[in-house]
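This is structure18.cif. It holds mmCIF, C-alpha atoms and all ligand atoms.
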data_upload
loop_
_atom_site.label_atom_id
_atom_site.label_comp_id
_atom_site.auth_asym_id
_atom_site.auth_seq_id
_atom_site.Cartn_x
_atom_site.Cartn_y
_atom_site.Cartn_z
CA MET A 1 0.00 0.00 0.00
CA SER A 2 1.15 3.54 -0.58
CA ASN A 3 1.93 5.92 2.25
CA LEU A 4 -0.93 7.06 4.42
CA LYS A 5 -1.29 10.73 5.33
CA LEU A 6 -2.27 11.75 8.87
CA PRO A 7 -2.57 15.24 10.34
CA GLY A 8 0.42 16.15 12.53
CA LEU A 9 -0.34 14.41 15.81
CA ILE A 10 -0.54 16.19 19.14
CA ASP A 11 0.76 14.78 22.42
CA ILE A 12 -0.90 16.70 25.23
CA HIS A 13 1.27 15.21 28.00
CA VAL A 14 5.07 15.17 27.89
CA HIS A 15 7.91 15.92 30.31
CA LEU A 16 10.85 17.33 28.35
CA ARG A 17 12.79 17.98 31.61
CA THR A 18 14.20 21.37 30.65
CA PRO A 19 15.31 23.46 32.44
CA GLY A 20 17.12 21.60 35.19
CA GLN A 21 17.25 17.95 34.16
CA GLU A 22 18.86 18.12 30.74
CA HIS A 23 20.70 14.88 31.51
CA LYS A 24 17.30 13.13 31.04
CA GLU A 25 16.01 15.10 28.02
CA ASP A 26 16.25 18.52 26.40
CA PHE A 27 14.06 20.38 23.95
CA THR A 28 16.02 19.22 20.91
CA THR A 29 16.14 15.52 21.81
CA GLY A 30 12.58 15.43 23.17
CA THR A 31 11.05 17.19 20.17
CA SER A 32 13.15 15.06 17.78
CA ALA A 33 11.61 12.02 19.48
CA ALA A 34 8.19 13.63 18.93
CA ILE A 35 8.80 14.17 15.21
CA ALA A 36 10.20 10.65 14.75
CA GLY A 37 7.03 9.38 16.43
CA GLY A 38 4.66 11.38 14.19
CA PHE A 39 3.90 14.12 16.74
CA THR A 40 4.28 17.68 15.48
CA THR A 41 2.96 19.37 18.63
CA VAL A 42 3.63 18.53 22.27
CA LEU A 43 2.36 20.12 25.46
CA ASP A 44 4.98 20.09 28.21
CA MET A 45 4.30 19.63 31.93
CA PRO A 46 5.47 22.02 34.68
CA ASN A 47 7.05 19.52 37.11
CA ASN A 48 10.57 20.59 36.27
CA GLU A 49 13.34 20.44 38.84
CA VAL A 50 12.19 23.91 39.83
CA PRO A 51 8.43 23.82 39.13
CA ILE A 52 7.04 26.36 36.66
CA THR A 53 4.92 28.47 39.00
CA THR A 54 5.81 32.05 38.03
CA LEU A 55 5.70 34.12 34.85
CA GLY A 56 9.49 34.48 35.03
CA LYS A 57 10.10 30.73 35.14
CA LEU A 58 7.60 30.18 32.33
CA ARG A 59 9.25 32.85 30.18
CA ALA A 60 12.69 31.31 30.73
CA LYS A 61 11.39 27.88 29.71
CA ILE A 62 9.62 29.32 26.64
CA GLU A 63 12.88 30.94 25.53
CA LEU A 64 14.77 27.63 25.78
CA ALA A 65 12.10 25.89 23.73
CA ARG A 66 12.10 28.71 21.17
CA GLN A 67 15.83 28.21 20.62
CA ASN A 68 15.95 24.43 20.68
CA ALA A 69 12.69 22.74 19.69
CA VAL A 70 12.22 21.05 16.31
CA CYS A 71 8.45 20.55 16.65
CA ASP A 72 5.80 22.88 18.08
CA VAL A 73 5.70 23.09 21.85
CA GLY A 74 3.13 24.52 24.23
CA PHE A 75 3.19 24.66 28.00
CA TYR A 76 1.17 24.10 31.13
CA PHE A 77 1.56 26.14 34.30
CA GLY A 78 1.97 24.71 37.80
CA SER A 79 0.74 25.64 41.25
CA LEU A 80 1.34 24.69 44.84
CA GLY A 81 -1.47 27.00 45.91
CA ASP A 82 0.71 30.04 46.58
CA ASN A 83 0.98 31.81 43.20
CA PHE A 84 -2.52 33.10 42.40
CA GLN A 85 -1.11 36.55 41.60
CA GLU A 86 0.59 34.94 38.56
CA PHE A 87 -2.58 33.50 37.01
CA ASP A 88 -3.68 36.62 35.19
CA LYS A 89 -0.18 37.18 33.85
CA ILE A 90 0.19 33.69 32.35
CA LYS A 91 -3.34 32.70 31.37
CA GLN A 92 -2.89 33.60 27.68
CA LEU A 93 0.43 31.77 27.50
CA VAL A 94 -0.47 28.28 28.69
CA PHE A 95 -2.78 25.47 27.64
CA GLY A 96 -3.88 24.81 31.21
CA ILE A 97 -2.73 24.41 34.77
CA LYS A 98 -1.44 21.05 36.02
CA LEU A 99 -1.98 19.91 39.59
CA TYR A 100 -0.65 16.82 41.33
CA LEU A 101 -2.85 15.16 43.95
CA ASN A 102 -0.69 12.05 44.36
CA VAL A 103 3.00 11.45 44.85
CA THR A 104 4.91 11.23 41.56
CA THR A 105 8.10 12.62 40.02
CA GLY A 106 8.78 16.15 41.29
CA ASN A 107 7.99 17.57 44.68
CA PHE A 108 4.70 19.01 43.69
CA LEU A 109 1.88 17.68 45.84
CA ILE A 110 -1.22 19.63 46.93
CA ASP A 111 -4.03 18.76 49.34
CA GLU A 112 -7.81 19.22 49.14
CA VAL A 113 -7.82 22.70 50.70
CA LYS A 114 -5.24 23.98 48.22
CA LEU A 115 -7.02 22.24 45.35
CA ALA A 116 -10.28 24.02 46.17
CA ALA A 117 -8.48 27.36 46.45
CA ILE A 118 -6.75 26.89 43.09
CA TYR A 119 -10.05 25.90 41.44
CA SER A 120 -11.62 29.15 42.68
CA ALA A 121 -8.68 31.27 41.57
CA TRP A 122 -8.00 29.77 38.11
CA PRO A 123 -9.45 32.05 35.38
CA GLY A 124 -11.00 29.07 33.65
CA HIS A 125 -10.52 29.62 29.90
CA GLN A 126 -8.11 26.69 29.69
CA PRO A 127 -8.56 23.37 31.52
CA ILE A 128 -7.22 22.35 34.88
CA LEU A 129 -5.31 19.08 34.45
CA LEU A 130 -5.14 16.64 37.32
CA HIS A 131 -2.89 13.80 38.27
CA CYS A 132 -5.41 12.09 40.54
CA GLU A 133 -5.56 8.37 41.12
CA GLY A 134 -7.14 6.22 43.81
CA GLU A 135 -8.69 8.14 46.69
CA THR A 136 -7.93 11.58 45.24
CA LEU A 137 -10.28 11.13 42.26
CA PRO A 138 -13.58 11.30 44.23
CA MET A 139 -12.23 14.33 46.08
CA ALA A 140 -11.39 16.04 42.79
CA LEU A 141 -14.78 15.16 41.27
CA LYS A 142 -16.48 16.78 44.27
CA ILE A 143 -14.62 20.05 43.66
CA ILE A 144 -15.31 19.93 39.92
CA ARG A 145 -19.01 19.47 40.71
CA GLN A 146 -18.92 22.52 43.00
CA THR A 147 -16.98 24.83 40.67
CA ASN A 148 -17.95 23.45 37.23
CA LYS A 149 -14.47 24.25 35.87
CA LYS A 150 -13.20 22.45 32.78
CA THR A 151 -10.89 19.63 33.91
CA HIS A 152 -8.76 17.02 32.16
CA ILE A 153 -7.99 13.88 34.16
CA CYS A 154 -4.56 12.62 33.11
CA HIS A 155 -3.47 9.04 32.51
CA VAL A 156 -6.57 7.13 33.61
CA SER A 157 -5.37 3.58 34.16
CA GLY A 158 -7.99 1.42 35.84
CA LYS A 159 -11.56 0.20 35.69
CA ASP A 160 -12.64 1.81 38.92
CA GLU A 161 -11.36 5.26 37.92
CA LEU A 162 -12.69 5.16 34.38
CA SER A 163 -16.10 4.00 35.71
CA GLN A 164 -16.23 7.03 38.02
CA ILE A 165 -15.26 9.31 35.14
CA ILE A 166 -17.90 7.84 32.83
CA ARG A 167 -20.55 8.40 35.52
CA ALA A 168 -19.35 11.97 36.04
CA LYS A 169 -19.48 12.62 32.29
CA GLN A 170 -22.99 11.18 32.13
CA ALA A 171 -23.94 13.54 34.95
CA GLY A 172 -22.71 16.45 32.83
CA LEU A 173 -19.46 17.39 34.57
CA PRO A 174 -17.09 19.34 32.29
CA ILE A 175 -14.39 16.69 32.27
CA THR A 176 -12.22 14.97 29.70
CA CYS A 177 -9.70 12.20 30.23
CA GLY A 178 -6.61 10.68 28.66
CA VAL A 179 -5.01 7.24 28.69
CA THR A 180 -1.38 6.37 28.07
CA PRO A 181 -0.05 3.81 25.60
CA HIS A 182 1.68 1.95 28.45
CA HIS A 183 -1.64 1.40 30.23
CA LEU A 184 -3.21 0.32 26.93
CA PHE A 185 -0.41 -2.07 25.95
CA LEU A 186 1.24 -3.23 29.20
CA THR A 187 -0.09 -4.79 32.41
CA GLU A 188 1.24 -5.64 35.87
CA GLU A 189 2.58 -8.88 34.36
CA ASP A 190 4.90 -6.80 32.17
CA ALA A 191 5.81 -4.67 35.18
CA LYS A 192 7.30 -7.75 36.87
CA LYS A 193 9.53 -8.43 33.88
CA LEU A 194 10.45 -4.81 33.25
CA GLY A 195 11.48 -4.03 36.84
CA PRO A 196 12.39 -0.30 37.11
CA TYR A 197 11.63 0.15 33.39
CA GLY A 198 8.00 -0.69 34.07
CA ARG A 199 7.75 1.64 37.04
CA MET A 200 5.58 4.70 36.49
CA LYS A 201 2.63 6.51 38.02
CA PRO A 202 -0.09 5.33 37.85
CA PHE A 203 1.30 1.78 38.15
CA LEU A 204 0.53 -0.75 35.44
CA LYS A 205 -2.76 -2.47 36.20
CA THR A 206 -4.44 -5.85 35.67
CA LYS A 207 -5.61 -7.30 32.38
CA THR A 208 -9.20 -6.62 33.54
CA ASP A 209 -8.36 -2.94 33.97
CA GLN A 210 -6.67 -2.84 30.58
CA ASN A 211 -9.61 -4.55 28.86
CA PHE A 212 -11.96 -2.03 30.44
CA LEU A 213 -9.97 0.86 28.90
CA TRP A 214 -10.20 -0.74 25.44
CA GLU A 215 -13.91 -1.55 25.82
CA ASN A 216 -14.66 2.05 26.77
CA LEU A 217 -12.51 3.87 24.26
CA LYS A 218 -15.50 6.01 23.26
CA TRP A 219 -15.37 7.66 26.71
CA ILE A 220 -11.67 8.43 26.40
CA ASP A 221 -10.80 11.79 24.91
CA ALA A 222 -7.08 11.49 24.22
CA VAL A 223 -4.12 9.19 24.13
CA GLU A 224 -1.30 11.00 25.94
CA SER A 225 2.15 9.42 26.00
CA ASP A 226 3.15 10.84 29.41
CA HIS A 227 6.66 10.77 27.92
CA ALA A 228 8.64 10.80 31.20
CA PRO A 229 12.30 10.01 30.48
CA HIS A 230 14.74 8.99 33.22
CA THR A 231 18.26 7.70 32.55
CA THR A 232 19.11 3.99 32.70
CA VAL A 233 21.50 4.78 35.56
CA GLU A 234 18.69 6.40 37.56
CA LYS A 235 16.38 3.50 36.77
CA GLU A 236 18.89 0.77 37.64
CA PHE A 237 20.94 2.22 40.47
CA ALA A 238 18.74 4.62 42.42
CA LYS A 239 17.51 3.18 45.70
CA ASN A 240 14.01 4.25 44.72
CA PRO A 241 14.01 4.35 40.90
CA PRO A 242 12.09 7.39 39.62
CA PHE A 243 8.60 6.94 38.20
CA GLY A 244 8.08 7.37 34.47
CA VAL A 245 8.73 5.89 31.03
CA PRO A 246 9.38 7.50 27.64
CA GLY A 247 6.66 7.17 25.01
CA LEU A 248 6.86 9.70 22.18
CA GLU A 249 8.42 7.36 19.63
CA THR A 250 6.34 4.28 20.37
CA THR A 251 2.80 5.63 20.79
CA LEU A 252 1.86 5.86 17.12
CA PRO A 253 3.39 2.53 15.97
CA LEU A 254 1.64 0.77 18.88
CA LEU A 255 -1.68 2.38 17.95
CA LEU A 256 -1.22 1.60 14.24
CA THR A 257 -0.47 -2.01 15.13
CA ALA A 258 -3.68 -2.08 17.16
CA VAL A 259 -5.54 -0.64 14.14
CA PHE A 260 -4.11 -3.47 12.05
CA GLU A 261 -5.33 -5.93 14.72
CA GLY A 262 -8.81 -4.40 14.64
CA LYS A 263 -8.74 -3.02 18.19
CA LEU A 264 -9.53 0.52 17.04
CA THR A 265 -9.80 2.44 13.75
CA LEU A 266 -7.53 4.97 12.12
CA ASP A 267 -10.29 7.52 12.71
CA ASP A 268 -10.05 6.72 16.44
CA VAL A 269 -6.31 7.42 16.33
CA ILE A 270 -6.92 10.79 14.66
CA ARG A 271 -9.69 11.60 17.15
CA LEU A 272 -7.52 10.66 20.16
CA CYS A 273 -4.22 12.16 19.01
CA HIS A 274 -5.32 15.17 16.98
CA THR A 275 -8.92 16.32 16.77
CA ASN A 276 -9.92 16.06 20.43
CA PRO A 277 -6.65 17.60 21.68
CA THR A 278 -7.18 20.61 19.39
CA LYS A 279 -10.72 21.10 20.73
CA ILE A 280 -10.02 20.48 24.43
CA PHE A 281 -6.95 22.71 24.60
CA ASN A 282 -7.56 25.23 21.77
CA ILE A 283 -4.43 24.14 19.94
CA PRO A 284 -3.68 25.94 16.66
CA THR A 285 -3.33 23.64 13.62
CA ASP A 286 -1.91 23.97 10.14
CA GLU A 287 -3.05 22.10 7.02
CA GLN A 288 0.52 21.82 5.82
CA THR A 289 1.61 20.03 8.98
CA TYR A 290 1.21 16.31 8.39
CA VAL A 291 2.77 12.88 8.67
CA GLU A 292 3.24 10.14 6.10
CA ILE A 293 3.30 6.58 7.35
CA ASP A 294 3.91 3.26 5.67
CA PRO A 295 1.07 1.18 7.12
CA ASP A 296 2.68 -2.08 5.99
CA GLU A 297 6.21 -1.68 7.27
CA GLN A 298 6.90 -4.01 10.15
CA TYR A 299 9.80 -3.43 12.54
CA THR A 300 11.02 -4.16 16.02
CA ILE A 301 11.30 -1.38 18.59
CA ASN A 302 15.00 -0.93 19.22
CA ASN A 303 16.60 1.28 21.87
CA LYS A 304 19.44 2.09 19.45
CA HIS A 305 17.10 3.90 17.06
CA LEU A 306 15.52 6.25 19.59
CA PHE A 307 15.99 10.01 19.62
CA THR A 308 14.99 10.42 23.27
CA LYS A 309 18.07 11.15 25.37
CA CYS A 310 17.19 8.45 27.88
CA GLY A 311 17.78 5.87 25.14
CA TRP A 312 15.39 3.13 26.25
CA SER A 313 11.79 2.05 25.87
CA PRO A 314 9.61 -0.28 27.91
CA PHE A 315 8.45 -1.61 24.51
CA LYS A 316 11.95 -2.68 23.42
CA GLY A 317 11.80 -5.86 21.33
CA LYS A 318 8.12 -5.48 20.48
CA SER A 319 7.24 -5.98 16.83
CA VAL A 320 5.03 -3.23 15.41
CA LYS A 321 3.42 -2.55 12.06
CA GLY A 322 3.19 1.00 10.65
CA LYS A 323 6.21 3.27 10.32
CA VAL A 324 6.55 7.04 10.28
CA LYS A 325 8.31 7.83 6.99
CA LYS A 326 8.04 11.59 6.48
CA VAL A 327 6.93 14.54 8.58
CA PHE A 328 6.07 18.01 7.28
CA LEU A 329 5.86 21.08 9.52
CA ARG A 330 4.06 24.03 7.86
CA GLY A 331 4.98 22.60 4.47
CA GLU A 332 8.66 22.00 5.26
CA LYS A 333 9.91 18.41 5.28
CA VAL A 334 11.44 17.94 8.74
CA PHE A 335 11.82 14.15 8.85
CA ASP A 336 12.60 11.61 6.16
CA ASN A 337 13.35 7.93 6.61
CA GLY A 338 14.79 8.08 10.11
CA GLN A 339 16.57 11.44 9.69
CA ILE A 340 15.65 14.75 11.33
CA LEU A 341 16.21 17.33 8.58
CA THR A 342 15.71 20.50 10.52
CA GLN A 343 17.70 22.67 12.94
CA PRO A 344 17.07 23.34 16.66
CA GLY A 345 14.71 26.30 16.88
CA SER A 346 12.69 25.43 13.78
CA GLY A 347 9.74 24.38 15.96
CA LYS A 348 7.46 27.12 17.29
CA VAL A 349 6.30 27.88 20.79
CA ILE A 350 2.53 27.89 20.56
CA TYR A 351 -0.23 29.51 22.61
CA PRO A 352 -3.93 28.75 22.86
CA SER A 353 -6.04 30.18 20.05
CA PHE A 354 -9.32 31.54 21.39
C1 LIG A 401 6.05 11.64 35.53
C2 LIG A 401 7.44 12.26 35.50
O1 LIG A 401 8.43 11.49 35.54
O2 LIG A 401 7.56 13.48 35.39
N1 LIG A 401 6.14 10.29 35.99
C3 LIG A 401 5.26 9.29 35.84
O3 LIG A 401 5.50 8.21 36.40
N2 LIG A 401 4.18 9.41 35.10
C4 LIG A 401 5.13 12.46 36.36
C5 LIG A 401 3.65 12.14 36.19
O4 LIG A 401 3.11 12.31 35.09
O5 LIG A 401 3.02 11.71 37.14
ZN ZN A 402 1.02 12.12 36.50
ZN ZN A 403 3.14 12.99 33.35
#

Using structure tokens, write down the structure that the file contains.
Ligand code: NCD
Ligand code: ZN
Ligand code: ZN
Amino acid sequence: MSNLKLPGLIDIHVHLRTPGQEHKEDFTTGTSAAIAGGFTTVLDMPNNEVPITTLGKLRAKIELARQNAVCDVGFYFGSLGDNFQEFDKIKQLVFGIKLYLNVTTGNFLIDEVKLAAIYSAWPGHQPILLHCEGETLPMALKIIRQTNKKTHICHVSGKDELSQIIRAKQAGLPITCGVTPHHLFLTEEDAKKLGPYGRMKPFLKTKTDQNFLWENLKWIDAVESDHAPHTTVEKEFAKNPPFGVPGLETTLPLLLTAVFEGKLTLDDVIRLCHTNPTKIFNIPTDEQTYVEIDPDEQYTINNKHLFTKCGWSPFKGKSVKGKVKKVFLRGEKVFDNGQILTQPGSGKVIYPSF
């Protein structure tokens, strides 16, 4: 079959680690991984070494991306409940505000009182994104019910959580949710074999949980890679290996393989990785930004071929079908047959279009 054309895909959940943790990833390597994986836009999380909670820190990060990115990059803001005076200054610059209600990478945890205060203070044009799993989800749903503010629940991983979200959607709450490729394609059985390389938040779940995600794909708004690189040294030698796995280069081939297996359609992939993200987050798009894939090419995921600086994948050794061949950004060919053709800084920093 000839190449298939897809719109440039959008990953609404990545951690490109800059500034502060450039040993894990930087804007050039992270956005090269995006391009190689068929993603032309990524939205980057604020849990940097020093969290992005002020206009100054956001501006500094934007400048680094402007100089170094090869795909388009947008940002989320962060809050520990003590920076409300910044909200008006940054609200036009970010795609949302990200809040962490459970322990994960970065020292960035807030409690119910702070959550309620942030919900009241957030201007509300762009969504509030939540890392909430287990007991923090009902608490968050209560506050969403009280404030009616647009909220995106990140990386939903289990049956219980997705059931609660479906019920909340049916009740009319303004919520959307995303799932990660690792929760769609790996389970706790894989976690045992992968050791630290299968360690992320939320943890990998049971086959029953995974099946429930697939059976309820129509309730899921986005596939988000949660690209969260850590070095092999950190994973293997730290006493408590950090949570997180990379995903930008494996998400699309895994999804295309699932299309081939009849688990979802190509239209689902476009809905989950392009159309819904543009609508939920007001992401600007360009007709001349697109991806060409060879739907028939079969290959094995190989750490040696990755652009991500961390240099590993939990999907190493997996055979996939469907390969990104060419990527065009605003009409310019930026990727061809495994080669990035463009220079650092050729990507744009993007802002929500209202
Ligand atoms: C993420 C990271 O490393 O920044 N880790 C993870 O396990 N998912 C943080 C997060 O998204 O929770
Ligand atoms: Zn998270
Ligand atoms: Zn994340």

Q. Nearest to A:Val245 among A:Thr206, A:Thr105, A:Asn47, A:Gln288, with distances taken over only C-alpha atoms: which residue is it?
A. A:Thr105

Q: Just the residues within 7 Å of stretch 301-310 of chain A, please, counting all atoms listed in the file, with nothing from its chain fewer than 5 positions along; format it as a ChimeraX atom specification.
A: /A:24-25,29-30,32-33,229-232,315-319

Q: List all protein, DNA and RNA residues that have at least one atom no more than 7 Å from any atom of ligand ZN 403 (chain A), counting only C-alpha atoms and all ligand atoms, and write them as a ChimeraX atom specification.
A: /A:13-15,45,226-228

Restrict the calculation to all atoms listed in the file, then for each residue of chain A with any atom at most 10 Å from an atom of ligand LIG 401 (chain A) give the closest atom pair and their distance in Å to one decimal, rows by chain and rising residue number, as a Markdown table.
| residue | atom | partner | partner_atom | distance |
| --- | --- | --- | --- | --- |
| A:His13 | CA | A:LIG401 | O4 | 7.9 |
| A:Val14 | CA | A:LIG401 | O4 | 8.0 |
| A:His15 | CA | A:LIG401 | O2 | 5.6 |
| A:Leu16 | CA | A:LIG401 | O2 | 8.7 |
| A:Arg17 | CA | A:LIG401 | O2 | 7.9 |
| A:Met45 | CA | A:LIG401 | O2 | 7.8 |
| A:Pro46 | CA | A:LIG401 | O2 | 8.8 |
| A:Asn47 | CA | A:LIG401 | O2 | 6.3 |
| A:Asn48 | CA | A:LIG401 | O2 | 7.8 |
| A:Glu49 | CA | A:LIG401 | O2 | 9.7 |
| A:Lys98 | CA | A:LIG401 | O4 | 9.9 |
| A:Leu99 | CA | A:LIG401 | O5 | 9.9 |
| A:Tyr100 | CA | A:LIG401 | O5 | 7.6 |
| A:Leu101 | CA | A:LIG401 | O5 | 9.6 |
| A:Asn102 | CA | A:LIG401 | O5 | 8.1 |
| A:Val103 | CA | A:LIG401 | O5 | 7.7 |
| A:Thr104 | CA | A:LIG401 | O5 | 4.8 |
| A:Thr105 | CA | A:LIG401 | C2 | 4.6 |
| A:Gly106 | CA | A:LIG401 | O2 | 6.6 |
| A:Phe108 | CA | A:LIG401 | C4 | 9.8 |
| A:Leu130 | CA | A:LIG401 | O5 | 9.5 |
| A:His131 | CA | A:LIG401 | O5 | 6.4 |
| A:Cys132 | CA | A:LIG401 | O5 | 9.1 |
| A:Cys154 | CA | A:LIG401 | O4 | 7.9 |
| A:His155 | CA | A:LIG401 | O4 | 7.8 |
| A:Thr180 | CA | A:LIG401 | N2 | 9.5 |
| A:Gly198 | CA | A:LIG401 | O3 | 9.5 |
| A:Arg199 | CA | A:LIG401 | O3 | 7.0 |
| A:Met200 | CA | A:LIG401 | O3 | 3.5 |
| A:Lys201 | CA | A:LIG401 | O3 | 3.7 |
| A:Pro202 | CA | A:LIG401 | O3 | 6.5 |
| A:Phe203 | CA | A:LIG401 | O3 | 7.9 |
| A:Ser225 | CA | A:LIG401 | N2 | 9.3 |
| A:Asp226 | CA | A:LIG401 | O4 | 5.9 |
| A:His227 | CA | A:LIG401 | C1 | 7.7 |
| A:Ala228 | CA | A:LIG401 | O1 | 4.4 |
| A:Pro229 | CA | A:LIG401 | O1 | 6.5 |
| A:His230 | CA | A:LIG401 | O1 | 7.2 |
| A:Pro242 | CA | A:LIG401 | O1 | 6.8 |
| A:Phe243 | CA | A:LIG401 | O3 | 3.8 |
| A:Gly244 | CA | A:LIG401 | O3 | 3.3 |
| A:Val245 | CA | A:LIG401 | O3 | 6.7 |
| A:Pro246 | CA | A:LIG401 | O1 | 8.9 |

Q.
Using only C-alpha atoms for the distances, tell me which of A:Phe354, A:Arg271, A:Glu224, A:Gln146 is nearest to A:Leu43.
A. A:Glu224

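When all atoms listed in the file are used to compute distances to ligand ZN 402 (chain A), the closest of the residues A:Lys326, A:Lys57, A:Lys239, A:His152 turns out to be A:His152.
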
Produce a table with one row for each residue of stretch 189-296 of chain A that has an atom at most 12 Å from any atom of stretch 72-86 of chain A, each row naming the nearest atom pair and its distance in Å at one decimal; use all atoms listed in the file; arrange rows by chain and rising residue number; format as JSON lines.
{"residue": "A:Phe281", "atom": "CA", "partner": "A:Gly74", "partner_atom": "CA", "distance": 10.2}
{"residue": "A:Asn282", "atom": "CA", "partner": "A:Gly74", "partner_atom": "CA", "distance": 11.0}
{"residue": "A:Ile283", "atom": "CA", "partner": "A:Gly74", "partner_atom": "CA", "distance": 8.7}
{"residue": "A:Pro284", "atom": "CA", "partner": "A:Asp72", "partner_atom": "CA", "distance": 10.1}
{"residue": "A:Thr285", "atom": "CA", "partner": "A:Asp72", "partner_atom": "CA", "distance": 10.2}
{"residue": "A:Asp286", "atom": "CA", "partner": "A:Asp72", "partner_atom": "CA", "distance": 11.1}
{"residue": "A:Thr289", "atom": "CA", "partner": "A:Asp72", "partner_atom": "CA", "distance": 10.4}

(Q) Would you compute the distance between atom CA of A:Ile90 and atom CA of A:Ala65? Give it in Å to one decimal. (A) 16.6 Å

Q) From the list A:Val50, A:Met139, A:Leu129, A:Gln92, which residue is nearest A:Asn107 when using only C-alpha atoms? A) A:Val50

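One distance worth recording is that between atom CA of A:Leu115 and atom CA of A:Gly178, which is 20.3 Å.
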
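Across the model, the gap from atom CA of A:Thr300 to atom CA of A:Ser2 is 20.8 Å.
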
Q.
My list of candidates is A:Glu133, A:Glu297, A:Asp267, A:Glu22. Which is closest to ligand ZN 402 (chain A) when distances are computed with all atoms listed in the file?
A. A:Glu133

Q.
Ranking A:Ala116, A:Ala69, A:Val259, A:Leu213 by minimum distance to A:Lys159 and counting only C-alpha atoms, which one comes first?
A. A:Leu213

Q: Write out as an NGL selection string the residues lying within 8 Å of stretch 336-348 of chain A, counting only C-alpha atoms and excluding same-chain residues fewer than 2 positions away.
A: :A and (28 or 32 or 35-36 or 65-73 or 324-327 or 333-334 or 350)

Q | Cut-off 12 Å around (0.8, -7.3, 27.5) with only C-alpha atoms: residues as a PyMOL selection string | A | chain A and resi 181-194+198+204-208+210-211+254+314-315+318

Test item: axis-aligned box, all listed atoms of stretch 4-19 of chain A, 4 Å on each side, centre and edges in Å rounded to one decimal, as lines of an AutoDock Vina configuration file:
center_x = 6.4
center_y = 15.3
center_z = 18.4
size_x = 25.9
size_y = 24.4
size_z = 36.0
